[in-house]
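Data file: my_file.cif. Format and content: mmCIF, C-alpha atoms.
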```cif
data_structure
loop_
_atom_site.label_atom_id
_atom_site.label_comp_id
_atom_site.auth_asym_id
_atom_site.auth_seq_id
_atom_site.Cartn_x
_atom_site.Cartn_y
_atom_site.Cartn_z
CA MET A 176 85.04 19.11 43.57
CA GLY A 177 82.54 21.71 42.36
CA CYS A 178 80.94 21.87 45.82
CA ILE A 179 84.28 22.72 47.45
CA ILE A 180 85.09 25.53 45.05
CA GLY A 181 81.51 26.76 45.00
CA SER A 182 81.15 26.97 48.76
CA LEU A 183 84.47 28.76 49.20
CA ALA A 184 83.67 31.13 46.36
CA SER A 185 80.29 31.94 47.90
CA SER A 186 81.97 32.81 51.19
CA VAL A 187 84.42 35.06 49.40
CA ALA A 188 81.60 36.69 47.45
CA CYS A 189 79.88 37.64 50.69
CA CYS A 190 83.09 39.08 52.14
CA PHE A 191 84.29 40.94 49.07
CA GLY A 192 81.17 42.58 47.74
CA SER A 193 81.20 46.26 46.84
CA ALA A 194 79.27 47.09 50.00
CA ALA A 195 81.87 45.30 52.13
CA CYS A 196 84.69 47.26 50.51
CA THR A 197 82.87 50.53 51.10
CA LEU A 198 82.18 49.59 54.72
CA CYS A 199 85.86 48.75 55.21
CA CYS A 200 86.88 52.15 53.86
CA SER A 201 84.46 53.87 56.19
CA ALA A 202 85.60 51.92 59.23
CA CYS A 203 89.29 52.52 58.57
CA PRO A 204 89.97 56.22 57.91
CA SER A 205 93.46 55.62 56.50
CA CYS A 206 92.28 52.83 54.20
CA ASN A 207 91.47 53.87 50.64
CA ASN A 208 89.79 52.24 47.71
CA SER A 209 93.09 51.34 46.05
CA VAL A 210 94.42 49.59 49.16
CA VAL A 211 91.19 47.72 49.86
CA THR A 212 91.02 46.51 46.25
CA ARG A 213 94.55 45.16 46.33
CA ILE A 214 93.93 43.39 49.62
CA ALA A 215 90.74 41.90 48.19
CA TYR A 216 92.59 40.52 45.16
CA ALA A 217 95.33 39.18 47.43
CA LEU A 218 92.76 37.41 49.60
CA LEU A 219 91.09 36.08 46.46
CA LEU A 220 94.43 34.57 45.51
CA LEU A 221 94.76 33.22 49.05
CA VAL A 222 91.43 31.40 48.66
CA GLY A 223 92.74 29.86 45.44
CA VAL A 224 95.87 28.71 47.26
CA ALA A 225 93.71 27.18 50.00
CA VAL A 226 91.61 25.31 47.43
CA SER A 227 94.80 24.05 45.77
CA CYS A 228 96.05 22.77 49.13
CA ILE A 229 92.74 21.00 49.69
CA MET A 230 93.21 19.22 46.35
CA LEU A 231 96.33 17.57 47.78
CA ALA A 232 94.48 16.14 50.79
CA PRO A 233 94.89 12.32 50.78
CA GLY A 234 91.20 11.79 51.46
CA LEU A 235 90.24 13.56 48.22
CA ALA A 236 92.39 11.42 45.92
CA ASP A 237 89.75 8.72 45.43
CA GLN A 238 87.05 11.28 44.66
CA LEU A 239 89.23 13.28 42.26
CA ALA A 240 90.22 10.09 40.44
CA LYS A 241 86.56 9.61 39.54
CA ILE A 242 86.62 12.77 37.42
CA PRO A 243 87.09 11.21 33.95
CA TYR A 244 88.86 14.13 32.33
CA LEU A 245 91.63 14.20 34.93
CA CYS A 246 92.85 10.66 34.31
CA SER A 247 91.70 9.95 30.75
CA GLY A 248 94.45 10.30 28.20
CA VAL A 249 97.05 10.67 30.92
CA GLN A 250 97.61 7.41 32.73
CA HIS A 251 98.68 5.49 29.61
CA VAL A 252 101.61 7.89 29.31
CA TYR A 253 103.00 6.82 32.65
CA ASP A 254 103.79 3.53 34.33
CA ALA A 255 100.69 1.35 34.11
CA ALA A 256 101.40 0.11 37.64
CA LEU A 257 100.70 3.55 39.03
CA ASN A 258 97.14 4.34 39.98
CA CYS A 259 95.74 7.66 38.85
CA LYS A 260 94.93 8.62 42.43
CA ASN A 261 98.68 8.75 43.18
CA PHE A 262 99.11 11.91 41.11
CA VAL A 263 95.56 13.18 40.57
CA GLY A 264 96.07 15.82 43.27
CA TYR A 265 98.80 17.42 41.18
CA LEU A 266 96.58 17.39 38.10
CA ALA A 267 93.83 19.12 40.10
CA VAL A 268 96.25 21.75 41.44
CA TYR A 269 97.35 22.48 37.86
CA ARG A 270 93.76 23.20 36.88
CA VAL A 271 92.90 25.33 39.92
CA CYS A 272 96.03 27.44 39.49
CA PHE A 273 95.41 27.62 35.75
CA SER A 274 92.00 29.18 36.46
CA MET A 275 93.57 31.81 38.73
CA ALA A 276 96.33 32.55 36.22
CA ALA A 277 93.81 32.83 33.38
CA PHE A 278 91.64 35.22 35.43
CA PHE A 279 94.57 37.48 36.31
CA PHE A 280 95.82 37.36 32.71
CA LEU A 281 92.38 38.52 31.56
CA PHE A 282 92.53 41.47 33.94
CA THR A 283 96.16 42.18 33.03
CA VAL A 284 95.06 42.77 29.45
CA LEU A 285 91.79 44.46 30.36
CA MET A 286 93.39 47.01 32.69
CA ILE A 287 96.19 48.17 30.41
CA ASN A 288 96.64 51.96 30.45
CA VAL A 289 93.99 52.80 33.06
CA LYS A 290 94.98 56.27 34.25
CA SER A 291 92.34 57.24 36.83
CA SER A 292 89.07 56.18 38.42
CA ARG A 293 87.26 58.18 35.75
CA ASP A 294 88.07 55.37 33.32
CA PRO A 295 85.04 53.03 33.12
CA ARG A 296 87.38 50.05 33.57
CA SER A 297 88.27 51.33 37.03
CA ALA A 298 84.76 50.41 38.18
CA ILE A 299 85.42 46.85 37.04
CA GLN A 300 88.73 46.83 38.90
CA ASN A 301 87.22 48.03 42.18
CA GLY A 302 83.80 46.40 42.08
CA PHE A 303 81.65 43.60 40.62
CA TRP A 304 83.26 41.06 42.95
CA PHE A 305 80.44 38.56 42.70
CA PHE A 306 80.81 38.38 38.93
CA LYS A 307 84.59 38.11 39.19
CA ILE A 308 84.23 35.09 41.42
CA LEU A 309 81.74 33.57 38.99
CA ILE A 310 84.32 34.01 36.23
CA ILE A 311 87.02 32.25 38.28
CA VAL A 312 84.69 29.39 39.18
CA GLY A 313 83.60 29.08 35.55
CA ILE A 314 87.19 28.92 34.30
CA CYS A 315 88.05 26.39 37.01
CA VAL A 316 85.13 24.12 36.17
CA GLY A 317 86.01 24.32 32.49
CA ALA A 318 89.66 23.48 33.25
CA PHE A 319 88.61 20.16 34.77
CA PHE A 320 87.22 19.17 31.37
CA ILE A 321 90.68 19.51 29.79
CA SER A 322 92.16 16.06 29.18
CA GLY A 323 95.43 14.76 27.81
CA PRO A 324 99.08 15.03 28.94
CA SER A 325 99.86 18.03 26.73
CA PHE A 326 98.04 20.38 29.15
CA GLY A 327 100.26 19.37 32.05
CA THR A 328 103.44 19.65 29.99
CA ALA A 329 102.51 23.10 28.70
CA MET A 330 101.57 24.35 32.16
CA MET A 331 104.82 22.99 33.61
CA ILE A 332 106.87 25.00 31.10
CA ILE A 333 104.78 28.16 31.58
CA GLY A 334 104.81 27.61 35.34
CA MET A 335 108.59 27.34 35.54
CA ILE A 336 109.06 30.57 33.59
CA GLY A 337 106.43 32.43 35.62
CA ALA A 338 107.72 31.09 38.94
CA PHE A 339 111.28 32.11 38.03
CA VAL A 340 110.14 35.70 37.36
CA PHE A 341 108.09 35.77 40.57
CA ILE A 342 111.13 34.68 42.59
CA LEU A 343 112.89 37.79 41.29
CA ILE A 344 109.89 39.93 42.23
CA GLN A 345 110.02 38.39 45.71
CA LEU A 346 113.63 39.59 46.00
CA ILE A 347 112.61 43.16 45.07
CA LEU A 348 109.84 43.05 47.67
CA LEU A 349 112.20 41.68 50.32
CA VAL A 350 114.82 44.36 49.61
CA ASP A 351 112.14 47.06 49.75
CA PHE A 352 110.84 45.66 53.04
CA ALA A 353 114.36 45.59 54.49
CA HIS A 354 114.99 49.18 53.38
CA ALA A 355 111.71 50.37 54.92
CA TRP A 356 112.42 48.45 58.12
CA ASN A 357 115.96 49.84 58.38
CA GLU A 358 114.85 53.42 57.69
CA LYS A 359 111.99 53.27 60.17
CA TRP A 360 114.01 51.93 63.08
CA LEU A 361 117.02 54.15 62.38
CA GLY A 362 114.69 57.14 62.21
CA ASN A 363 113.16 56.18 65.55
CA TYR A 364 116.64 55.81 67.05
CA GLU A 365 117.74 59.24 65.81
CA GLU A 366 114.56 60.90 67.10
CA SER A 367 114.36 59.26 70.52
CA GLN A 368 118.04 58.39 71.04
CA SER A 369 116.76 55.15 72.53
CA LYS A 370 119.30 52.39 72.10
CA ALA A 371 116.49 49.84 72.01
CA TRP A 372 115.89 50.60 68.31
CA PHE A 373 119.56 50.18 67.45
CA ALA A 374 119.73 47.01 69.54
CA GLY A 375 116.70 45.69 67.68
CA LEU A 376 118.38 46.22 64.30
CA LEU A 377 121.54 44.57 65.58
CA PHE A 378 119.56 41.62 66.95
CA PHE A 379 117.66 40.89 63.74
CA THR A 380 120.74 41.39 61.56
CA SER A 381 122.61 38.88 63.71
CA PHE A 382 119.61 36.55 63.71
CA PHE A 383 119.39 36.35 59.92
CA TYR A 384 123.16 35.86 59.57
CA LEU A 385 123.20 33.15 62.25
CA LEU A 386 120.19 31.49 60.62
CA SER A 387 122.03 31.48 57.29
CA LEU A 388 125.21 30.13 58.91
CA GLY A 389 123.25 27.32 60.55
CA ALA A 390 121.61 26.51 57.23
CA ILE A 391 125.00 26.36 55.48
CA ILE A 392 126.36 23.94 58.08
CA ALA A 393 123.22 21.79 57.76
CA PHE A 394 123.51 21.81 53.97
CA TYR A 395 127.09 20.50 54.07
CA ILE A 396 126.12 17.75 56.51
CA LEU A 397 122.80 16.65 55.03
CA TYR A 398 123.01 17.47 51.32
CA ALA A 399 126.71 17.57 50.46
CA SER A 400 128.47 14.99 52.64
CA ASN A 401 128.32 12.16 50.09
CA GLY A 402 131.09 11.91 47.51
CA GLU A 403 128.55 12.09 44.70
CA CYS A 404 127.26 15.48 45.86
CA GLY A 405 130.00 17.71 44.48
CA LEU A 406 127.42 19.87 42.70
CA HIS A 407 125.70 20.62 46.00
CA LYS A 408 129.04 21.56 47.57
CA PHE A 409 129.56 24.00 44.73
CA PHE A 410 126.07 25.50 45.13
CA VAL A 411 126.46 26.08 48.86
CA SER A 412 130.07 27.31 48.71
CA PHE A 413 129.55 29.59 45.72
CA ASN A 414 126.43 31.24 47.13
CA MET A 415 128.03 31.61 50.54
CA ILE A 416 131.03 33.39 49.03
CA LEU A 417 128.78 35.67 46.97
CA CYS A 418 126.74 36.58 50.06
CA VAL A 419 129.90 37.44 52.02
CA ILE A 420 131.14 39.64 49.18
CA LEU A 421 127.81 41.47 48.90
CA SER A 422 127.69 42.01 52.66
CA ILE A 423 131.12 43.65 52.50
CA ILE A 424 130.11 45.79 49.52
CA ALA A 425 126.96 46.97 51.34
CA VAL A 426 129.04 48.71 54.05
CA LEU A 427 131.82 50.12 51.87
CA PRO A 428 132.25 53.90 52.36
CA GLN A 429 131.76 54.52 48.63
CA VAL A 430 128.39 52.75 48.74
CA GLN A 431 127.30 54.31 52.04
CA GLU A 432 128.11 57.80 50.76
CA VAL A 433 125.69 57.63 47.81
CA ASN A 434 123.27 55.10 49.28
CA PRO A 435 122.92 55.59 53.05
CA ARG A 436 119.91 53.25 53.03
CA SER A 437 122.23 50.34 52.38
CA GLY A 438 123.19 48.25 55.37
CA LEU A 439 123.81 44.83 56.84
CA LEU A 440 120.14 44.25 57.68
CA GLN A 441 119.27 44.13 53.98
CA SER A 442 122.28 41.93 53.26
CA SER A 443 121.37 39.53 56.06
CA ILE A 444 117.82 39.13 54.73
CA ILE A 445 119.10 38.58 51.18
CA THR A 446 121.61 36.04 52.51
CA ALA A 447 118.85 34.11 54.28
CA TYR A 448 116.67 34.23 51.14
CA THR A 449 119.56 32.99 49.00
CA MET A 450 120.15 30.07 51.36
CA PHE A 451 116.45 29.24 51.13
CA LEU A 452 116.64 29.19 47.32
CA THR A 453 119.78 27.04 47.52
CA TRP A 454 118.05 24.55 49.80
CA SER A 455 114.98 24.53 47.57
CA ALA A 456 117.16 23.80 44.54
CA MET A 457 119.02 20.95 46.24
CA THR A 458 115.76 19.28 47.25
CA ASN A 459 114.96 18.93 43.54
CA ASN A 460 118.06 16.87 42.78
CA PRO A 461 116.99 13.41 41.49
CA ASN A 462 120.08 11.83 43.09
CA HIS A 463 118.56 10.44 46.27
CA LEU A 464 121.95 10.20 48.02
CA CYS A 465 122.19 13.99 47.84
CA ASN A 466 118.54 14.66 48.58
CA PRO A 467 117.35 12.76 51.69
CA SER A 468 113.73 13.06 52.77
CA PHE A 469 112.77 14.56 56.12
CA SER A 470 112.08 11.11 57.53
CA GLU A 471 115.53 9.92 56.45
CA ILE A 472 117.16 13.00 57.98
CA ALA A 473 115.39 12.23 61.24
CA HIS A 474 116.74 8.66 61.13
CA GLY A 475 120.31 9.55 60.21
CA GLY A 476 120.16 10.14 56.44
CA PRO A 477 119.66 7.91 53.39
CA SER A 478 121.24 4.52 53.14
CA SER A 479 124.00 4.02 50.61
CA ASN A 480 121.93 1.71 48.46
CA SER A 481 118.84 3.93 48.45
CA THR A 482 119.26 5.63 45.11
CA SER A 483 115.67 5.91 44.07
CA GLY A 484 112.22 6.21 45.46
CA ASN A 485 109.50 3.64 45.15
CA PRO A 486 105.84 3.82 44.28
CA GLY A 487 104.99 3.13 47.87
CA ASP A 488 106.37 6.55 48.77
CA MET A 489 104.01 8.33 46.42
CA ASP A 490 101.52 9.52 49.02
CA ALA A 491 104.25 11.24 50.99
CA ALA A 492 105.67 12.78 47.83
CA THR A 493 102.39 14.35 46.79
CA GLY A 494 101.69 15.99 50.14
CA ILE A 495 102.69 19.45 51.35
CA ASP A 496 106.17 19.23 52.82
CA GLY A 497 108.17 21.69 54.90
CA LYS A 498 109.78 23.27 51.85
CA SER A 499 106.37 24.02 50.35
CA ILE A 500 105.12 25.51 53.62
CA VAL A 501 108.12 27.85 53.91
CA SER A 502 107.75 28.84 50.23
CA LEU A 503 104.06 29.62 50.65
CA VAL A 504 104.66 31.67 53.81
CA VAL A 505 107.27 33.82 52.02
CA PHE A 506 105.02 34.07 48.96
CA LEU A 507 101.94 35.15 50.92
CA ALA A 508 103.93 37.69 52.94
CA CYS A 509 105.30 39.24 49.73
CA VAL A 510 101.88 39.42 48.07
CA LEU A 511 100.27 41.04 51.11
CA TYR A 512 103.19 43.46 51.45
CA ALA A 513 102.84 44.46 47.80
CA SER A 514 99.13 45.04 48.43
CA ILE A 515 99.58 47.50 51.30
CA ARG A 516 102.88 49.16 50.34
CA SER A 517 101.75 52.28 48.46
CA SER A 518 104.51 54.88 48.49
CA SER A 519 105.75 55.76 45.03
CA HIS A 520 109.22 56.25 46.48
CA SER A 521 109.46 52.58 47.44
CA SER A 522 110.66 49.82 45.15
CA VAL A 523 107.13 48.42 45.16
CA GLY A 524 105.72 51.76 44.12
CA LYS A 525 108.20 52.10 41.27
CA MET A 526 107.67 48.49 40.21
CA THR A 527 103.89 48.97 40.03
CA PHE A 528 104.21 52.49 38.58
CA SER A 529 102.49 54.16 41.52
CA SER A 530 101.53 57.78 41.29
CA SER A 531 102.87 60.36 43.72
CA GLU A 532 102.49 59.65 47.41
CA LYS A 533 100.14 62.58 47.92
CA THR A 534 97.38 60.70 46.11
CA ILE A 535 97.46 57.77 48.52
CA ILE A 536 95.14 59.50 50.99
CA SER A 537 92.65 62.07 49.84
CA THR A 538 90.09 64.12 51.73
CA THR A 539 87.07 66.12 50.79
CA ASP A 540 86.77 69.87 51.31
CA ASP A 541 85.13 69.39 54.70
CA GLY A 542 87.95 67.18 55.87
CA ASN A 543 86.10 63.88 55.61
CA HIS A 544 87.88 60.90 54.22
CA ASN A 545 87.26 60.12 50.53
CA ALA A 546 87.45 56.42 49.71
CA ASP A 547 88.18 57.13 46.05
CA ASP A 548 91.83 58.18 46.07
CA GLU A 549 92.34 57.74 42.33
CA GLU A 550 90.29 60.50 40.74
CA GLU A 551 93.42 62.37 39.64
CA GLY A 552 95.49 59.27 38.93
CA VAL A 553 95.67 55.61 39.86
CA ALA A 554 97.73 54.76 42.95
CA TYR A 555 99.29 51.75 41.20
CA SER A 556 99.34 50.09 37.80
CA TYR A 557 96.26 47.91 37.63
CA SER A 558 97.69 45.87 34.79
CA PHE A 559 101.06 45.17 36.39
CA PHE A 560 99.47 44.29 39.73
CA HIS A 561 97.38 41.62 38.02
CA PHE A 562 100.45 40.43 36.14
CA MET A 563 102.23 39.98 39.46
CA LEU A 564 99.29 37.94 40.80
CA LEU A 565 99.36 35.88 37.60
CA LEU A 566 103.00 35.04 38.30
CA ALA A 567 102.09 34.32 41.93
CA SER A 568 99.48 31.82 40.75
CA LEU A 569 102.08 30.02 38.63
CA TYR A 570 104.54 30.07 41.54
CA THR A 571 101.87 28.52 43.77
CA MET A 572 101.25 25.81 41.19
CA MET A 573 104.93 24.90 40.95
CA THR A 574 105.44 25.03 44.72
CA LEU A 575 102.51 22.79 45.61
CA THR A 576 103.41 20.26 42.90
CA HIS A 577 107.08 20.26 43.93
CA TRP A 578 108.07 21.53 40.45
CA TYR A 579 107.41 18.04 39.08
CA LYS A 580 107.68 17.26 35.38
CA PRO A 581 104.43 15.63 34.16
CA SER A 582 106.19 13.16 31.85
CA SER A 583 108.85 12.17 34.39
CA ASP A 584 109.19 8.98 36.39
CA PHE A 585 106.47 9.28 39.02
CA THR A 586 108.63 7.56 41.63
CA HIS A 587 110.49 10.90 41.75
CA MET A 588 107.51 13.25 41.71
CA ASN A 589 109.22 15.94 43.74
CA THR A 590 112.58 15.88 41.96
CA ASN A 591 113.76 16.85 38.49
CA LEU A 592 116.86 18.52 37.10
CA PRO A 593 115.14 21.41 35.23
CA ALA A 594 113.53 22.59 38.48
CA MET A 595 116.85 22.36 40.31
CA TRP A 596 118.61 24.54 37.74
CA VAL A 597 115.74 27.03 37.55
CA LYS A 598 115.89 27.56 41.32
CA ILE A 599 119.67 27.77 41.66
CA SER A 600 119.96 30.10 38.67
CA SER A 601 117.23 32.28 40.21
CA SER A 602 119.39 32.61 43.33
CA TRP A 603 122.28 33.85 41.19
CA VAL A 604 120.07 36.32 39.35
CA CYS A 605 118.71 37.55 42.70
CA LEU A 606 122.23 38.15 43.98
CA LEU A 607 123.12 39.92 40.74
CA LEU A 608 120.08 42.20 41.11
CA TYR A 609 120.98 43.01 44.70
CA PHE A 610 124.58 43.72 43.65
CA TRP A 611 123.25 46.15 41.06
CA THR A 612 121.12 47.97 43.66
CA LEU A 613 124.31 48.51 45.66
CA ILE A 614 126.62 49.75 42.94
CA ALA A 615 124.17 51.51 40.61
CA PRO A 616 124.20 54.78 42.61
CA VAL A 617 128.01 54.66 42.59
CA VAL A 618 128.36 53.97 38.88
CA LEU A 619 125.52 56.18 37.60
CA HIS A 620 126.17 59.50 39.31
CA ASN A 621 123.61 61.43 37.28
CA ARG A 622 120.67 59.19 38.19
CA ASP A 623 118.40 59.75 41.16
CA PHE A 624 118.07 56.52 43.15
CA ASP A 625 116.27 57.97 46.17
#
```
Would you mind writing the file out in structure tokens?
Amino acid sequence: MGCIIGSLASSVACCFGSAACTLCCSACPSCNNSVVTRIAYALLLLVGVAVSCIMLAPGLADQLAKIPYLCSGVQHVYDAALNCKNFVGYLAVYRVCFSMAAFFFLFTVLMINVKSSRDPRSAIQNGFWFFKILIIVGICVGAFFISGPSFGTAMMIIGMIGAFVFILIQLILLVDFAHAWNEKWLGNYEESQSKAWFAGLLFFTSFFYLLSLGAIIAFYILYASNGECGLHKFFVSFNMILCVILSIIAVLPQVQEVNPRSGLLQSSIITAYTMFLTWSAMTNNPNHLCNPSFSEIAHGGPSSNSTSGNPGDMDAATGIDGKSIVSLVVFLACVLYASIRSSSHSSVGKMTFSSSEKTIISTTDDGNHNADDEEEGVAYSYSFFHFMLLLASLYTMMTLTHWYKPSSDFTHMNTNLPAMWVKISSSWVCLLLYFWTLIAPVVLHNRDFD
């Protein structure tokens, strides 16, 4: 356990030293200190995600079960017939993600109100990577000495709240990405008059809508065909109707007049994201008739008398399934996008309180590139960026553990009602936020939404 984390941390330490960051800035003229630092933190989080995935490897279960503090005080809470190794991977993931969340929480507090690189705390933000990694490893090692079921229960509650908020941040990042994408390609079309740019926008808009339509059809067939799955039918139908309404609103003349950035590309991406959240919610339904596994889908769906799992299915339940892979891909893309998206006029810039865009790239008097682009003001809020990574750590924890409830029946490790309602309600809040981005410029005439 310690060897795995230690070796990975050592590799990261070599890659992310202060000298490496400086070298990167020198090699890439358009890359500044603020951008490199954010990418470094994002990659640090990525290493933590990789370590968490390793903890779920079946071959490590026996070794992890030998760690006394993981299983002591826990197994007596659950079914005595279940061996600790069946769920020890989840307990290890909780502790690895806890160490990342604790580290980013520490920096969230430490970096409050940093205004420029002249603040001594800015040196801590942009350097001392070896010591930062030592701190993370130290917290992680200490977390493995925490015993008792109360830790898992507390982290589950905190994780659900944090993951819910991060899902909303993902929506903001996706909308910002869609706006930037739409503006860029429309601008290229207007400049070059090449229909290839317009055809590209049309293709991807159609692709996301067709992908969502295919998902809806699959949901009705696989997750809502049984008579007991009325709730799933409501989820799919209600979200589909809301997505259609929002797509219509996005192209209304009143909306286009005050918000020309609005378009069907953004709506198609939000529709696809909403369908993903809907699917993710339905896969947390404890009713097995409404939530078939991938193997059952491949063999024609669950049998009518298969209403519950069995302990023999535990190994499959504790692995990384397709839903987790898709969630992690979207999550990593959003974190990396937030790390490189710097413009203060973007949603990311406003969310992280970026300074004006002119500070993103600075030069010296002789025209040479200056790596420190934050002498006059920070390019982003250090504190909020760490808070976002804290939420990302909690989202990773909940995703890799299938949002399981530590005190629940371990024959249903990847299903529980609270997780289902958290995910489906997050889809509704996401749609509400997107609706507000469409109508806010219409309703609030005196506000600048550029």
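In this comparison, which uses only C-alpha atoms, the residue of A:Lys307, A:Pro295, A:Val350, A:Ile333 approaching Leu565 in chain A most closely is A:Ile333.
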| Distance of CA of Met330 in chain A from CA of Ser455 in chain A, expressed in Å to one decimal place | 20.4 Å
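Shortest atom-to-atom contact with Trp356 in chain A among A:Ile444, A:Leu388, A:Val430, A:Ile299: A:Ile444, counting all atoms listed in the file.
For the residues A:Leu406, A:Thr380, A:Gln300, A:Leu564, ranking by smallest atom-to-atom distance to Val211 in chain A using all atoms listed in the file places A:Gln300 first.
Considering the residues A:Leu376, A:Leu218, A:Ala225, A:Val284 and counting all atoms listed in the file, His354 in chain A has its shortest atom-to-atom contact with A:Leu376.
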Since the input has fewer atoms than a full residue there, write range 263-279 of chain A out with N, CA and C atoms, as an mmCIF file, keeping the file's coordinate frame.
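This is the output file result.cif:
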```
data_model
loop_
_atom_site.group_PDB
_atom_site.id
_atom_site.type_symbol
_atom_site.label_atom_id
_atom_site.label_comp_id
_atom_site.auth_asym_id
_atom_site.auth_seq_id
_atom_site.Cartn_x
_atom_site.Cartn_y
_atom_site.Cartn_z
ATOM 1 N N VAL A 263 96.703 12.381 40.984
ATOM 2 C CA VAL A 263 95.560 13.180 40.570
ATOM 3 C C VAL A 263 95.498 14.513 41.312
ATOM 4 N N GLY A 264 96.046 14.557 42.529
ATOM 5 C CA GLY A 264 96.070 15.820 43.270
ATOM 6 C C GLY A 264 96.869 16.879 42.531
ATOM 7 N N TYR A 265 97.995 16.485 41.959
ATOM 8 C CA TYR A 265 98.800 17.420 41.180
ATOM 9 C C TYR A 265 98.040 17.922 39.960
ATOM 10 N N LEU A 266 97.349 17.008 39.284
ATOM 11 C CA LEU A 266 96.580 17.390 38.100
ATOM 12 C C LEU A 266 95.482 18.383 38.468
ATOM 13 N N ALA A 267 94.864 18.191 39.643
ATOM 14 C CA ALA A 267 93.830 19.120 40.100
ATOM 15 C C ALA A 267 94.416 20.478 40.447
ATOM 16 N N VAL A 268 95.586 20.486 41.103
ATOM 17 C CA VAL A 268 96.250 21.750 41.440
ATOM 18 C C VAL A 268 96.590 22.522 40.169
ATOM 19 N N TYR A 269 97.049 21.813 39.132
ATOM 20 C CA TYR A 269 97.350 22.480 37.860
ATOM 21 C C TYR A 269 96.129 23.206 37.332
ATOM 22 N N ARG A 270 94.971 22.599 37.445
ATOM 23 C CA ARG A 270 93.760 23.200 36.880
ATOM 24 C C ARG A 270 93.233 24.350 37.736
ATOM 25 N N VAL A 271 93.323 24.225 39.057
ATOM 26 C CA VAL A 271 92.900 25.330 39.920
ATOM 27 C C VAL A 271 93.787 26.548 39.713
ATOM 28 N N CYS A 272 95.096 26.322 39.689
ATOM 29 C CA CYS A 272 96.030 27.440 39.490
ATOM 30 C C CYS A 272 95.940 28.001 38.074
ATOM 31 N N PHE A 273 95.625 27.144 37.111
ATOM 32 C CA PHE A 273 95.410 27.620 35.750
ATOM 33 C C PHE A 273 94.234 28.592 35.705
ATOM 34 N N SER A 274 93.163 28.295 36.448
ATOM 35 C CA SER A 274 92.000 29.180 36.460
ATOM 36 C C SER A 274 92.354 30.530 37.066
ATOM 37 N N MET A 275 93.158 30.532 38.136
ATOM 38 C CA MET A 275 93.570 31.810 38.730
ATOM 39 C C MET A 275 94.470 32.579 37.778
ATOM 40 N N ALA A 276 95.411 31.886 37.149
ATOM 41 C CA ALA A 276 96.330 32.550 36.220
ATOM 42 C C ALA A 276 95.575 33.117 35.026
ATOM 43 N N ALA A 277 94.601 32.355 34.514
ATOM 44 C CA ALA A 277 93.810 32.830 33.380
ATOM 45 C C ALA A 277 93.000 34.067 33.758
ATOM 46 N N PHE A 278 92.424 34.065 34.964
ATOM 47 C CA PHE A 278 91.640 35.220 35.430
ATOM 48 C C PHE A 278 92.526 36.456 35.531
ATOM 49 N N PHE A 279 93.693 36.321 36.154
ATOM 50 C CA PHE A 279 94.570 37.480 36.310
ATOM 51 C C PHE A 279 95.174 37.918 34.978
#
```
